[in-house]
$ cat entry_13.json   # JSON, C-alpha atoms and all ligand atoms
[["chain", "number", "residue", "atom", "x", "y", "z"],
["A", 12, "MET", "CA", -20.04, 12.31, 1.13],
["A", 13, "GLU", "CA", -21.98, 9.42, 2.58],
["A", 14, "HIS", "CA", -20.85, 5.86, 1.91],
["A", 15, "LYS", "CA", -17.69, 6.41, -0.06],
["A", 16, "VAL", "CA", -16.08, 3.03, -0.67],
["A", 17, "ALA", "CA", -12.37, 2.32, -0.19],
["A", 18, "LEU", "CA", -10.56, -0.86, -1.22],
["A", 19, "VAL", "CA", -7.36, -1.43, 0.78],
["A", 20, "THR", "CA", -5.12, -4.41, 0.08],
["A", 21, "GLY", "CA", -3.27, -6.07, 2.95],
["A", 22, "GLY", "CA", -5.41, -4.46, 5.63],
["A", 23, "SER", "CA", -5.10, -7.15, 8.26],
["A", 24, "ARG", "CA", -1.80, -6.02, 9.79],
["A", 25, "GLY", "CA", 0.74, -3.22, 10.01],
["A", 26, "ILE", "CA", 0.43, -0.21, 7.73],
["A", 27, "GLY", "CA", -2.68, -1.54, 5.98],
["A", 28, "ARG", "CA", -4.44, -2.04, 9.31],
["A", 29, "ALA", "CA", -3.72, 1.58, 10.30],
["A", 30, "ILE", "CA", -5.04, 2.77, 6.93],
["A", 31, "VAL", "CA", -8.24, 0.74, 7.32],
["A", 32, "LEU", "CA", -8.84, 2.16, 10.80],
["A", 33, "ALA", "CA", -8.10, 5.75, 9.74],
["A", 34, "LEU", "CA", -10.55, 5.46, 6.84],
["A", 35, "ALA", "CA", -13.21, 3.74, 8.94],
["A", 36, "GLY", "CA", -12.86, 6.48, 11.56],
["A", 37, "GLY", "CA", -13.28, 9.03, 8.77],
["A", 38, "GLY", "CA", -16.62, 7.56, 7.73],
["A", 39, "TRP", "CA", -15.50, 5.47, 4.75],
["A", 40, "GLN", "CA", -16.87, 2.04, 3.97],
["A", 41, "VAL", "CA", -13.72, -0.04, 3.80],
["A", 42, "VAL", "CA", -13.24, -3.33, 2.02],
["A", 43, "PHE", "CA", -9.84, -4.75, 2.82],
["A", 44, "SER", "CA", -7.99, -7.85, 1.74],
["A", 45, "TYR", "CA", -5.60, -10.18, 3.48],
["A", 46, "ARG", "CA", -3.72, -13.19, 2.25],
["A", 47, "SER", "CA", -4.05, -15.82, 5.00],
["A", 48, "ASN", "CA", -4.01, -14.36, 8.54],
["A", 49, "GLU", "CA", -7.68, -14.82, 9.51],
["A", 50, "ALA", "CA", -7.14, -13.85, 13.15],
["A", 51, "ALA", "CA", -5.47, -10.55, 12.31],
["A", 52, "ALA", "CA", -8.12, -9.77, 9.66],
["A", 53, "GLN", "CA", -10.90, -10.45, 12.16],
["A", 54, "GLU", "CA", -9.28, -8.20, 14.79],
["A", 55, "THR", "CA", -8.91, -5.34, 12.29],
["A", 56, "LEU", "CA", -12.49, -5.83, 11.12],
["A", 57, "GLU", "CA", -13.90, -5.71, 14.66],
["A", 58, "THR", "CA", -11.84, -2.63, 15.54],
["A", 59, "ALA", "CA", -13.00, -0.86, 12.36],
["A", 60, "LEU", "CA", -16.62, -1.66, 13.14],
["A", 61, "ARG", "CA", -16.21, -0.33, 16.68],
["A", 62, "LEU", "CA", -14.96, 2.95, 15.20],
["A", 63, "GLY", "CA", -18.34, 3.24, 13.55],
["A", 64, "GLY", "CA", -17.15, 2.55, 10.04],
["A", 65, "ARG", "CA", -18.59, -0.14, 7.80],
["A", 66, "ALA", "CA", -16.01, -2.72, 6.84],
["A", 67, "LEU", "CA", -15.59, -6.03, 5.07],
["A", 68, "ALA", "CA", -12.59, -8.37, 5.07],
["A", 69, "VAL", "CA", -11.89, -10.46, 1.95],
["A", 70, "ARG", "CA", -9.33, -13.23, 1.75],
["A", 71, "ALA", "CA", -7.47, -12.79, -1.53],
["A", 72, "ASP", "CA", -3.95, -13.47, -2.76],
["A", 73, "LEU", "CA", -2.94, -10.45, -4.81],
["A", 74, "ALA", "CA", -0.64, -12.61, -6.91],
["A", 75, "ALA", "CA", -3.64, -14.57, -8.26],
["A", 76, "GLY", "CA", -5.75, -13.06, -11.06],
["A", 77, "GLU", "CA", -8.94, -14.84, -10.01],
["A", 78, "ASP", "CA", -8.56, -13.53, -6.43],
["A", 79, "ARG", "CA", -8.02, -9.98, -7.69],
["A", 80, "ARG", "CA", -11.15, -10.11, -9.82],
["A", 81, "ARG", "CA", -13.20, -11.47, -6.91],
["A", 82, "LEU", "CA", -11.81, -8.80, -4.57],
["A", 83, "ALA", "CA", -12.79, -5.95, -6.90],
["A", 84, "GLN", "CA", -16.25, -7.47, -7.35],
["A", 85, "GLU", "CA", -16.73, -7.75, -3.58],
["A", 86, "ALA", "CA", -15.77, -4.10, -3.16],
["A", 87, "LEU", "CA", -18.09, -3.06, -5.98],
["A", 88, "GLY", "CA", -20.89, -5.06, -4.38],
["A", 89, "VAL", "CA", -20.86, -2.88, -1.23],
["A", 90, "ASN", "CA", -22.25, 0.24, -2.81],
["A", 91, "GLY", "CA", -21.91, -0.09, -6.57],
["A", 92, "ARG", "CA", -18.63, 1.81, -6.83],
["A", 93, "ILE", "CA", -15.03, 2.18, -5.66],
["A", 94, "ASP", "CA", -13.85, 5.69, -4.76],
["A", 95, "LEU", "CA", -10.42, 4.86, -3.37],
["A", 96, "LEU", "CA", -7.91, 2.09, -4.02],
["A", 97, "VAL", "CA", -4.92, 1.72, -1.71],
["A", 98, "ASN", "CA", -2.36, -0.76, -3.04],
["A", 99, "ASN", "CA", -0.71, -1.55, 0.27],
["A", 100, "ALA", "CA", -0.25, -5.35, 0.42],
["A", 101, "GLY", "CA", 3.33, -6.38, 0.01],
["A", 102, "MET", "CA", 5.91, -8.83, 1.19],
["A", 103, "ALA", "CA", 9.62, -9.01, 1.87],
["A", 104, "PRO", "CA", 11.50, -12.03, 0.51],
["A", 105, "ARG", "CA", 11.01, -15.05, 2.76],
["A", 106, "GLN", "CA", 14.78, -15.14, 3.19],
["A", 107, "ARG", "CA", 17.25, -12.33, 2.82],
["A", 108, "THR", "CA", 19.71, -13.70, 0.25],
["A", 109, "ASP", "CA", 22.72, -12.10, -1.39],
["A", 110, "LEU", "CA", 22.04, -10.80, -4.89],
["A", 111, "LEU", "CA", 24.39, -13.39, -6.39],
["A", 112, "GLU", "CA", 22.41, -16.23, -4.77],
["A", 113, "MET", "CA", 18.81, -14.97, -5.07],
["A", 114, "SER", "CA", 16.51, -17.65, -6.45],
["A", 115, "GLU", "CA", 14.17, -17.27, -9.40],
["A", 116, "ALA", "CA", 11.32, -18.54, -7.20],
["A", 117, "SER", "CA", 11.83, -15.75, -4.64],
["A", 118, "TYR", "CA", 12.09, -13.14, -7.40],
["A", 119, "GLU", "CA", 8.83, -14.33, -8.96],
["A", 120, "GLU", "CA", 6.98, -14.54, -5.64],
["A", 121, "VAL", "CA", 7.94, -11.02, -4.54],
["A", 122, "MET", "CA", 7.35, -9.44, -7.93],
["A", 123, "ALA", "CA", 3.93, -11.13, -8.26],
["A", 124, "ALA", "CA", 2.75, -9.89, -4.84],
["A", 125, "ASN", "CA", 4.37, -6.43, -4.88],
["A", 126, "LEU", "CA", 4.17, -5.38, -8.52],
["A", 127, "LYS", "CA", 2.17, -7.62, -10.88],
["A", 128, "GLY", "CA", -0.74, -7.89, -8.43],
["A", 129, "PRO", "CA", -1.01, -4.12, -7.83],
["A", 130, "PHE", "CA", -0.62, -3.41, -11.56],
["A", 131, "PHE", "CA", -3.50, -5.61, -12.68],
["A", 132, "LEU", "CA", -5.74, -4.74, -9.71],
["A", 133, "THR", "CA", -5.18, -1.07, -10.52],
["A", 134, "GLN", "CA", -5.96, -1.66, -14.18],
["A", 135, "GLN", "CA", -9.23, -3.34, -13.23],
["A", 136, "VAL", "CA", -10.28, -0.74, -10.64],
["A", 137, "ALA", "CA", -9.17, 2.17, -12.87],
["A", 138, "ARG", "CA", -11.66, 1.08, -15.54],
["A", 139, "LEU", "CA", -14.45, 1.10, -12.95],
["A", 140, "MET", "CA", -13.39, 4.50, -11.62],
["A", 141, "ALA", "CA", -13.21, 6.03, -15.10],
["A", 142, "GLY", "CA", -16.71, 4.69, -15.76],
["A", 143, "GLN", "CA", -17.99, 6.25, -12.54],
["A", 144, "VAL", "CA", -16.60, 9.67, -13.52],
["A", 145, "ARG", "CA", -18.04, 9.38, -17.04],
["A", 146, "SER", "CA", -21.45, 8.58, -15.65],
["A", 147, "GLY", "CA", -21.45, 11.81, -13.64],
["A", 148, "SER", "CA", -20.34, 10.77, -10.13],
["A", 149, "PRO", "CA", -19.39, 13.94, -8.21],
["A", 150, "ILE", "CA", -16.62, 12.10, -6.32],
["A", 151, "GLN", "CA", -13.08, 12.29, -7.71],
["A", 152, "PRO", "CA", -11.60, 8.78, -7.38],
["A", 153, "VAL", "CA", -8.12, 8.38, -5.95],
["A", 154, "ILE", "CA", -5.51, 5.60, -6.22],
["A", 155, "ILE", "CA", -2.68, 5.45, -3.67],
["A", 156, "ASN", "CA", 0.26, 3.09, -3.99],
["A", 157, "ILE", "CA", 2.37, 2.25, -0.96],
["A", 158, "GLY", "CA", 5.95, 2.25, -2.23],
["A", 159, "SER", "CA", 9.14, 2.25, -0.19],
["A", 160, "ILE", "CA", 12.49, 3.99, 0.22],
["A", 161, "SER", "CA", 13.74, 0.69, -1.27],
["A", 162, "ALA", "CA", 12.67, 2.12, -4.65],
["A", 163, "TYR", "CA", 15.99, 4.02, -4.68],
["A", 164, "THR", "CA", 17.98, 2.44, -1.82],
["A", 165, "SER", "CA", 20.08, -0.61, -2.62],
["A", 166, "SER", "CA", 19.85, -3.54, -0.20],
["A", 167, "VAL", "CA", 21.83, -6.31, -1.84],
["A", 168, "ASN", "CA", 20.31, -9.01, 0.37],
["A", 169, "ARG", "CA", 16.74, -8.31, -0.77],
["A", 170, "GLY", "CA", 17.14, -7.11, -4.32],
["A", 171, "GLU", "CA", 13.82, -8.53, -5.50],
["A", 172, "TYR", "CA", 12.02, -6.28, -2.98],
["A", 173, "CYS", "CA", 13.97, -3.20, -4.16],
["A", 174, "ILE", "CA", 13.18, -3.94, -7.81],
["A", 175, "SER", "CA", 9.48, -4.39, -7.01],
["A", 176, "LYS", "CA", 9.34, -1.04, -5.22],
["A", 177, "ALA", "CA", 11.26, 0.74, -7.98],
["A", 178, "GLY", "CA", 8.63, -0.65, -10.33],
["A", 179, "MET", "CA", 5.92, 0.75, -8.08],
["A", 180, "GLY", "CA", 7.35, 4.22, -8.76],
["A", 181, "MET", "CA", 6.81, 3.81, -12.51],
["A", 182, "LEU", "CA", 3.44, 2.13, -11.97],
["A", 183, "THR", "CA", 2.38, 5.31, -10.16],
["A", 184, "ALA", "CA", 3.69, 7.58, -12.92],
["A", 185, "LEU", "CA", 2.04, 5.53, -15.68],
["A", 186, "PHE", "CA", -1.40, 5.40, -14.09],
["A", 187, "ALA", "CA", -1.20, 9.06, -13.01],
["A", 188, "ASP", "CA", -0.55, 10.02, -16.63],
["A", 189, "ARG", "CA", -3.13, 7.69, -18.17],
["A", 190, "LEU", "CA", -5.90, 8.47, -15.68],
["A", 191, "ALA", "CA", -5.51, 12.26, -15.41],
["A", 192, "GLY", "CA", -7.87, 12.71, -18.35],
["A", 193, "GLU", "CA", -10.30, 10.26, -16.79],
["A", 194, "GLY", "CA", -10.63, 12.36, -13.64],
["A", 195, "VAL", "CA", -8.74, 9.93, -11.38],
["A", 196, "LEU", "CA", -5.82, 11.10, -9.18],
["A", 197, "VAL", "CA", -2.89, 8.74, -8.49],
["A", 198, "TYR", "CA", -0.23, 9.07, -5.78],
["A", 199, "GLU", "CA", 2.55, 7.10, -4.16],
["A", 200, "VAL", "CA", 3.12, 7.19, -0.40],
["A", 201, "ARG", "CA", 6.70, 6.12, 0.25],
["A", 202, "PRO", "CA", 7.33, 4.91, 3.83],
["A", 203, "GLY", "CA", 10.75, 4.63, 5.42],
["A", 204, "ILE", "CA", 11.40, 2.39, 8.44],
["A", 205, "ILE", "CA", 8.04, 1.57, 9.96],
["A", 206, "ALA", "CA", 7.42, -0.60, 13.03],
["A", 207, "THR", "CA", 5.43, -3.59, 11.73],
["A", 208, "ASP", "CA", 5.81, -7.37, 11.48],
["A", 209, "MET", "CA", 7.81, -6.80, 8.30],
["A", 210, "THR", "CA", 10.61, -5.04, 10.18],
["A", 211, "ALA", "CA", 10.31, -6.97, 13.48],
["A", 212, "GLY", "CA", 13.07, -9.39, 12.50],
["A", 213, "VAL", "CA", 15.59, -6.58, 11.97],
["A", 214, "LYS", "CA", 14.52, -4.36, 14.85],
["A", 215, "GLY", "CA", 17.89, -4.43, 16.61],
["A", 216, "LYS", "CA", 19.73, -3.39, 13.45],
["A", 217, "TYR", "CA", 17.37, -0.48, 12.76],
["A", 218, "ASP", "CA", 17.36, 0.59, 16.44],
["A", 219, "ARG", "CA", 21.11, 1.04, 16.20],
["A", 220, "LEU", "CA", 21.02, 2.82, 12.84],
["A", 221, "ILE", "CA", 18.37, 5.27, 14.06],
["A", 222, "GLU", "CA", 20.28, 5.83, 17.29],
["A", 223, "ASP", "CA", 23.39, 6.59, 15.18],
["A", 224, "GLY", "CA", 21.54, 9.27, 13.21],
["A", 225, "LEU", "CA", 20.38, 7.48, 10.04],
["A", 226, "LEU", "CA", 17.16, 9.51, 10.09],
["A", 227, "PRO", "CA", 16.93, 13.30, 10.53],
["A", 228, "LEU", "CA", 13.82, 12.64, 12.63],
["A", 229, "ARG", "CA", 15.29, 10.20, 15.12],
["A", 230, "ARG", "CA", 12.53, 7.70, 15.66],
["A", 231, "TRP", "CA", 10.86, 4.71, 14.06],
["A", 232, "GLY", "CA", 7.91, 5.48, 11.83],
["A", 233, "GLN", "CA", 4.58, 4.13, 13.01],
["A", 234, "PRO", "CA", 1.84, 2.71, 10.78],
["A", 235, "GLU", "CA", -0.31, 5.68, 11.79],
["A", 236, "ASP", "CA", 2.25, 8.08, 10.27],
["A", 237, "VAL", "CA", 1.62, 6.45, 6.89],
["A", 238, "ALA", "CA", -2.15, 6.31, 7.42],
["A", 239, "ARG", "CA", -2.24, 10.07, 8.00],
["A", 240, "ALA", "CA", -0.71, 10.72, 4.59],
["A", 241, "VAL", "CA", -3.13, 8.29, 2.95],
["A", 242, "LEU", "CA", -6.13, 9.94, 4.60],
["A", 243, "LEU", "CA", -5.00, 13.39, 3.47],
["A", 244, "LEU", "CA", -4.72, 12.24, -0.15],
["A", 245, "ALA", "CA", -7.88, 10.13, 0.00],
["A", 246, "GLU", "CA", -9.90, 13.11, 1.11],
["A", 247, "GLY", "CA", -8.76, 15.27, -1.80],
["A", 248, "GLY", "CA", -6.07, 17.18, 0.12],
["A", 249, "LEU", "CA", -3.88, 17.64, -2.98],
["A", 250, "PRO", "CA", -6.38, 18.16, -5.83],
["A", 251, "TYR", "CA", -3.92, 19.82, -8.25],
["A", 252, "SER", "CA", -1.25, 17.14, -7.90],
["A", 253, "THR", "CA", -1.05, 13.71, -9.46],
["A", 254, "GLY", "CA", 1.81, 11.23, -9.76],
["A", 255, "GLU", "CA", 3.25, 12.83, -6.63],
["A", 256, "VAL", "CA", 5.43, 10.85, -4.22],
["A", 257, "ILE", "CA", 4.84, 11.66, -0.54],
["A", 258, "ASN", "CA", 7.81, 10.58, 1.57],
["A", 259, "VAL", "CA", 6.85, 9.38, 5.05],
["A", 260, "ASP", "CA", 10.35, 8.48, 6.14],
["A", 261, "GLY", "CA", 11.57, 10.80, 8.89],
["A", 262, "GLY", "CA", 13.62, 12.66, 6.27],
["A", 263, "PHE", "CA", 15.57, 9.57, 5.10],
["A", 264, "HIS", "CA", 15.45, 10.73, 1.47],
["A", 265, "LEU", "CA", 17.37, 13.94, 2.18],
["A", 266, "ARG", "CA", 20.96, 13.91, 0.97],
["A", 267, "ARG", "CA", 23.14, 15.01, 3.85],
["A", 268, "LEU", "CA", 26.76, 16.03, 4.20],
["B", 1, "LIG", "P1", 3.10, -6.51, 7.11],
["B", 1, "LIG", "O1", 2.95, -6.03, 8.51],
["B", 1, "LIG", "O2", 3.95, -7.68, 6.81],
["B", 1, "LIG", "O3", 1.63, -6.74, 6.50],
["B", 1, "LIG", "C1", 1.52, -7.16, 5.16],
["B", 1, "LIG", "C2", 0.06, -7.16, 4.75],
["B", 1, "LIG", "O4", -0.02, -7.51, 3.35],
["B", 1, "LIG", "C3", -0.77, -8.20, 5.48],
["B", 1, "LIG", "O5", -2.07, -7.71, 5.57],
["B", 1, "LIG", "C4", -0.70, -9.42, 4.56],
["B", 1, "LIG", "O6", -1.81, -10.33, 4.74],
["B", 1, "LIG", "C5", -0.77, -8.72, 3.21],
["B", 1, "LIG", "N1", -0.17, -9.48, 2.10],
["B", 1, "LIG", "C6", 1.11, -9.85, 1.95],
["B", 1, "LIG", "N2", 1.26, -10.51, 0.79],
["B", 1, "LIG", "C7", 0.04, -10.56, 0.21],
["B", 1, "LIG", "C8", -0.46, -11.12, -0.99],
["B", 1, "LIG", "N3", 0.29, -11.79, -1.86],
["B", 1, "LIG", "N4", -1.79, -10.99, -1.24],
["B", 1, "LIG", "C9", -2.58, -10.34, -0.38],
["B", 1, "LIG", "N5", -2.17, -9.78, 0.76],
["B", 1, "LIG", "C10", -0.87, -9.90, 1.05],
["B", 1, "LIG", "O7", 3.68, -5.35, 6.17],
["B", 1, "LIG", "P2", 3.75, -3.76, 6.39],
["B", 1, "LIG", "O8", 5.04, -3.44, 6.99],
["B", 1, "LIG", "O9", 2.50, -3.26, 6.98],
["B", 1, "LIG", "O10", 3.85, -3.31, 4.86],
["B", 1, "LIG", "C11", 2.74, -2.82, 4.13],
["B", 1, "LIG", "C12", 3.25, -2.20, 2.84],
["B", 1, "LIG", "O11", 4.17, -1.15, 3.17],
["B", 1, "LIG", "C13", 4.03, -3.17, 1.96],
["B", 1, "LIG", "O12", 3.77, -2.89, 0.60],
["B", 1, "LIG", "C14", 5.47, -2.85, 2.30],
["B", 1, "LIG", "O13", 6.34, -3.20, 1.25],
["B", 1, "LIG", "C15", 5.39, -1.36, 2.50],
["B", 1, "LIG", "N6", 6.48, -0.80, 3.30],
["B", 1, "LIG", "C16", 6.72, -1.21, 4.58],
["B", 1, "LIG", "C17", 7.77, -0.63, 5.29],
["B", 1, "LIG", "C18", 8.09, -1.01, 6.72],
["B", 1, "LIG", "O14", 9.13, -0.57, 7.22],
["B", 1, "LIG", "N7", 7.29, -1.81, 7.39],
["B", 1, "LIG", "C19", 8.55, 0.35, 4.69],
["B", 1, "LIG", "C20", 8.28, 0.75, 3.39],
["B", 1, "LIG", "C21", 7.24, 0.17, 2.72],
["B", 1, "LIG", "P3", -1.78, -11.46, 5.93],
["B", 1, "LIG", "O15", -2.00, -10.72, 7.23],
["B", 1, "LIG", "O16", -2.91, -12.39, 5.62],
["B", 1, "LIG", "O17", -0.43, -12.11, 5.87]]
$ encode --input "entry_13.json" --output "C-alpha cells" --more "lines below"
Ligand code: NAP
Amino acid sequence: MEHKVALVTGGSRGIGRAIVLALAGGGWQVVFSYRSNEAAAQETLETALRLGGRALAVRADLAAGEDRRRLAQEALGVNGRIDLLVNNAGMAPRQRTDLLEMSEASYEEVMAANLKGPFFLTQQVARLMAGQVRSGSPIQPVIINIGSISAYTSSVNRGEYCISKAGMGMLTALFADRLAGEGVLVYEVRPGIIATDMTAGVKGKYDRLIEDGLLPLRRWGQPEDVARAVLLLAEGGLPYSTGEVINVDGGFHLRRL
C-alpha cells in the first residue's frame, strides 16, 4: 500500500535507527523522534532518504505530554493517518545504583521515559488508529512495543529499568485486549543483549558472559535483528496473533539445565 505512515520513537540511534531504515527501505513513510542528539537524528534521516523512503525527524521528549502531542500531530500531518506505532525510545538509568540506594529522581526519570511516555503516546495514537478503521481504511494498524529481557530478569543495580520493562509487558497486554475489537494489532518485541550505545559501557562484561555460554546463540544481537522482527509484524506477518511477545534474544529466555 502506497504511503503507509509509521511513527517510531527514539529513531536516531541503535535499535530505533535500524527500525527506521528497515521501514524506509520497505517503502514506509517514517516519522521518528529523538530526544536531543541532532547529529545522530540527521544521519539517520539522510540514510533513510537515500534508501528511497520518505522520512521526518522530530525532536520530542517522550516524558513530556506536550512533546508527545506535537509528535503525534506531526506524524498525522504527513498523510492524514498513522498505520504503525513503534514504541522504541528508552533509557537506562544514568547511573547503575544498588536497589537499596536507588534515588527517587532516577526512578521517576526512567519510568517517565520508558513507561509513562509510551503509555500515553499509545493511548493518543490508538484513538487515531481506531478512528481510521471505523472510517473504512483498508489498512490494519499495528502497535509494536520494544520491551526487554529485563521484564523478567532481575538486575539489582538498575531496578528502575527492570520495573519499567515489566510494565511494558502489561502495557502490551492491556492495549492488545482493548484494541482487538477496534481492528488494531498490538505486539511486544523483546530484545536481549543488543550492540548499541546503551550496552557500550558494559561491553566487556557481556563479551565474557556470551563467551561463557550465557546465550544459546553465542553472539551479540544486532539492531538489525530487532528491526527484522518489527518489519515482519508491521507488514501483517502475524494477523491472527495479538498481545504476542516475540523474543529476539539469542534464546536467552530458554530455561536450561
Ligand atoms: P540507545 O542506543 O541508547 O538509543 C535510545 C534512543 O531513544 C535514542 O534515539 C534516544 O534519543 C531515544 N530516547 C531516549 N530517551 C528518550 C526520551 N525520553 N524521549 C525521546 N527519545 C528518547 O538505545 P537502544 O539500545 O537502541 O534501545 C532502544 C530500545 O530497546 C529501548 O527501549 C531499550 O530499553 C530497548 N532495549 C535495548 C537493549 C539493548 O541491549 N541495547 C535490550 C533490550 C531492550 P537521542 O539520540 O536524542 O538521545
$ residues_near_ligand --input "entry_13.json" --ligand "ligand LIG 1 (chain B)" --cutoff "7 Å" --atoms "only C-alpha atoms and all ligand atoms" --output "ChimeraX atom specification"
/A:20-27,44-49,51-52,71-74,99-103,124-125,157-160,201-210
$ closest_residue --input "entry_13.json" --among "A:Ala191, A:Asn90, A:Thr253, A:Leu67" --to "Val144 of chain A" --atoms "only C-alpha atoms"
A:Ala191
$ residues_around --input "entry_13.json" --residues "Val200 of chain A" --least-positions-apart "2" --cutoff "7 Å" --atoms "only C-alpha atoms" --output "PyMOL selection string"
chain A and resi 155-158+198+202+256-259
$ closest_residue --input "entry_13.json" --among "A:His14, A:Arg79, A:Arg92, A:Arg28" --to "Val237 of chain A" --atoms "only C-alpha atoms"
A:Arg28
$ residues_near_point --input "entry_13.json" --point "(1.6, 9.3, -9.4)" --cutoff "9 Å" --atoms "all atoms listed in the file" --output "ChimeraX atom specification"
/A:154-156,180-188,196-199,252-256
$ residues_around --input "entry_13.json" --residues "segment 219-232 of chain A" --least-positions-apart "2" --cutoff "6 Å" --atoms "all atoms listed in the file" --output "tab-separated table (two decimals) with C-alpha atoms, keeping the file's coordinate frame"
chain	number	residue	atom	x	y	z
A	204	ILE	CA	11.40	2.39	8.44
A	205	ILE	CA	8.04	1.57	9.96
A	216	LYS	CA	19.73	-3.39	13.45
A	217	TYR	CA	17.37	-0.48	12.76
A	261	GLY	CA	11.57	10.80	8.89
A	262	GLY	CA	13.62	12.66	6.27
A	263	PHE	CA	15.57	9.57	5.10
$ closest_residue --input "entry_13.json" --among "A:Asp109, A:Glu115, A:Glu235, A:Glu57" --to "Ile30 of chain A" --atoms "all atoms listed in the file"
A:Glu235
$ atom_distance --input "entry_13.json" --atom1 "atom CA of Lys176 of chain A" --atom2 "atom CA of Pro129 of chain A"
11.1 Å
$ residues_around --input "entry_13.json" --residues "Thr108 of chain A" --least-positions-apart "3" --cutoff "8 Å" --atoms "all atoms listed in the file" --output "mmCIF file with C-alpha atoms, keeping the file's coordinate frame"
data_model
loop_
_atom_site.group_PDB
_atom_site.id
_atom_site.type_symbol
_atom_site.label_atom_id
_atom_site.label_comp_id
_atom_site.auth_asym_id
_atom_site.auth_seq_id
_atom_site.Cartn_x
_atom_site.Cartn_y
_atom_site.Cartn_z
ATOM 1 C CA GLU A 112 22.410 -16.230 -4.770
ATOM 2 C CA MET A 113 18.810 -14.970 -5.070
ATOM 3 C CA VAL A 167 21.830 -6.310 -1.840
ATOM 4 C CA ASN A 168 20.310 -9.010 0.370
ATOM 5 C CA ARG A 169 16.740 -8.310 -0.770
#
$ atom_distance --input "entry_13.json" --atom1 "atom CA of Gly142 of chain A" --atom2 "atom CA of Trp39 of chain A"
20.6 Å
$ closest_residue --input "entry_13.json" --among "A:Gln53, A:Leu34, A:Phe43, A:Glu193" --to "Gly147 of chain A" --atoms "only C-alpha atoms"
A:Glu193
$ atom_distance --input "entry_13.json" --atom1 "atom CA of Leu96 of chain A" --atom2 "atom CA of Gly178 of chain A"
17.9 Å
$ closest_residue --input "entry_13.json" --among "A:Thr55, A:Gln40, A:Ser161, A:Ser146" --to "Gly88 of chain A" --atoms "only C-alpha atoms"
A:Gln40
$ closest_residue --input "entry_13.json" --among "A:Ala17, A:Val121, A:Val153, A:Ile93" --to "Arg107 of chain A" --atoms "only C-alpha atoms"
A:Val121
$ residues_around --input "entry_13.json" --residues "Gly38 of chain A" --least-positions-apart "4" --cutoff "8 Å" --atoms "all atoms listed in the file" --output "list in words"
Glu13, His14, Lys15, Leu34, Gly63, Gly64 and Arg65 of chain A
$ decode --input "entry_13.json" --residues "segment 119-133 of chain A" --atoms "C-alpha atoms" --output "compact mmCIF listing (two decimals), in the first residue's frame"
# COMPACT_ATOMS: atom_id res chain seq x y z
CA GLU A 119 10.88 8.85 38.06
CA GLU A 120 13.09 9.72 35.09
CA VAL A 121 13.32 6.13 33.83
CA MET A 122 9.66 5.35 34.41
CA ALA A 123 8.57 8.57 32.65
CA ALA A 124 10.68 7.83 29.55
CA ASN A 125 10.20 4.05 29.38
CA LEU A 126 6.63 3.55 30.59
CA LYS A 127 4.51 6.67 31.15
CA GLY A 128 5.59 8.19 27.82
CA PRO A 129 4.82 5.06 25.77
CA PHE A 130 1.52 4.55 27.61
CA PHE A 131 0.12 7.99 26.87
CA LEU A 132 1.54 8.15 23.33
CA THR A 133 -0.09 4.78 22.64
